[in-house]
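To keep things clear, I will list the structure first and then write my remarks on it.
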Amino acid sequence: ANLSAETVRATKNLDDVIGTLAQNFSEGSDYFKVLVSVFQQVLLAGDHKHLDNFYMIVPALCLSWVDSSLQAKSLMYKANRARECYYTDDGFAVGVAYIMAIMKQGGKFDSLHWFQCMREKLMADATALEQQKKAQKAKMEAKKAKSGSFFSSKKVDETTEEDE
């Protein structure tokens with residue numbers, strides 16, 4: 001075929017583009033990996049030093065997100081008692097995981113041992129709360145036993161003195 005050099009080059013480019021599209025969007029492609037690799041090329045190559053320690057703020061962000069979510073959930077139930085409604089929000093967790101994957105900071109974040117520390121703190125808080133409940137229960141039972149009769153001990157003493 002008598003094709004010009006530009007036409008041959010254009011068809012080669014078209015073949016390359018179609019091949020890339022077929023490879024990237026074929027069944028079984030991991031689109032998350034594709035997105036991560038695209039953003040990694042931009043963020044890891046450019047001047048983004050301010051994100052080098054992103055993993056360090058993740059614990060604070062998580063605690064703030066949990067507080068905000070619990071508050072939103074409780075307000076939703078208070079405002080919508082008559083209607084059936086559901087609460088869900090996984091965008092934050094997915095977003096943080098995505099940024100951590102892009103920045104290749106998963107290992108650095110794991111070195112903080114934050115999940116382990118939070119588990120230990122929550123268990124300690126639960127134990128302290130359980131002990132506090134037991135102490136309150138014992139105090140209430142003692143108070144109930146002390147004032148268990150119809151008259152208080154002071155009133156019994158006063159009545160006994162008057163009778164004598």
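Every chain in the structure tokens takes a letter, A first, then B, and so on in the order presented; its residues are numbered from 1, and the ligands are numbered from 1 following the presented order.
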Can you pull out every residue within 8 Å of Ile102 of chain A, counting only C-alpha atoms, but drop anything in the same chain fewer than 4 positions away, and send it as an mmCIF file with N, CA, C and O atoms, in the first residue's frame?
```cif
data_model
loop_
_atom_site.group_PDB
_atom_site.id
_atom_site.type_symbol
_atom_site.label_atom_id
_atom_site.label_comp_id
_atom_site.auth_asym_id
_atom_site.auth_seq_id
_atom_site.Cartn_x
_atom_site.Cartn_y
_atom_site.Cartn_z
ATOM 1 N N VAL A 36 -3.566 4.184 41.615
ATOM 2 C CA VAL A 36 -2.417 4.401 42.493
ATOM 3 C C VAL A 36 -1.175 4.701 41.662
ATOM 4 O O VAL A 36 -0.442 5.650 41.954
ATOM 5 N N SER A 37 -0.936 3.931 40.624
ATOM 6 C CA SER A 37 0.281 4.148 39.826
ATOM 7 C C SER A 37 0.253 5.501 39.134
ATOM 8 O O SER A 37 1.282 6.174 39.050
ATOM 9 N N PHE A 39 -1.295 8.326 40.166
ATOM 10 C CA PHE A 39 -1.046 9.381 41.141
ATOM 11 C C PHE A 39 0.356 9.279 41.744
ATOM 12 O O PHE A 39 0.937 10.298 42.113
ATOM 13 N N GLN A 40 0.899 8.080 41.864
ATOM 14 C CA GLN A 40 2.259 7.934 42.366
ATOM 15 C C GLN A 40 3.251 8.633 41.453
ATOM 16 O O GLN A 40 4.180 9.278 41.931
ATOM 17 N N LEU A 43 2.777 12.409 42.367
ATOM 18 C CA LEU A 43 3.097 12.846 43.728
ATOM 19 C C LEU A 43 4.505 12.488 44.192
ATOM 20 O O LEU A 43 5.105 13.227 44.962
ATOM 21 N N TYR A 98 -5.988 5.006 50.430
ATOM 22 C CA TYR A 98 -5.551 5.362 49.084
ATOM 23 C C TYR A 98 -4.327 6.284 49.140
ATOM 24 O O TYR A 98 -3.324 6.046 48.463
#
```
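Counting from atom CA of Lys143 of chain A, the distance to atom CA of Glu130 of chain A is 19.9 Å.
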Item to check | alpha helix (DSSP H) per DSSP on the backbone: members of segment 109-151 of chain A, as a VMD selection string | outcome: chain A and resid 109 to 110 114 to 146
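Taking atom CA of Gln71 of chain A and atom CA of Trp114 of chain A as endpoints, the distance between them is 23.0 Å.
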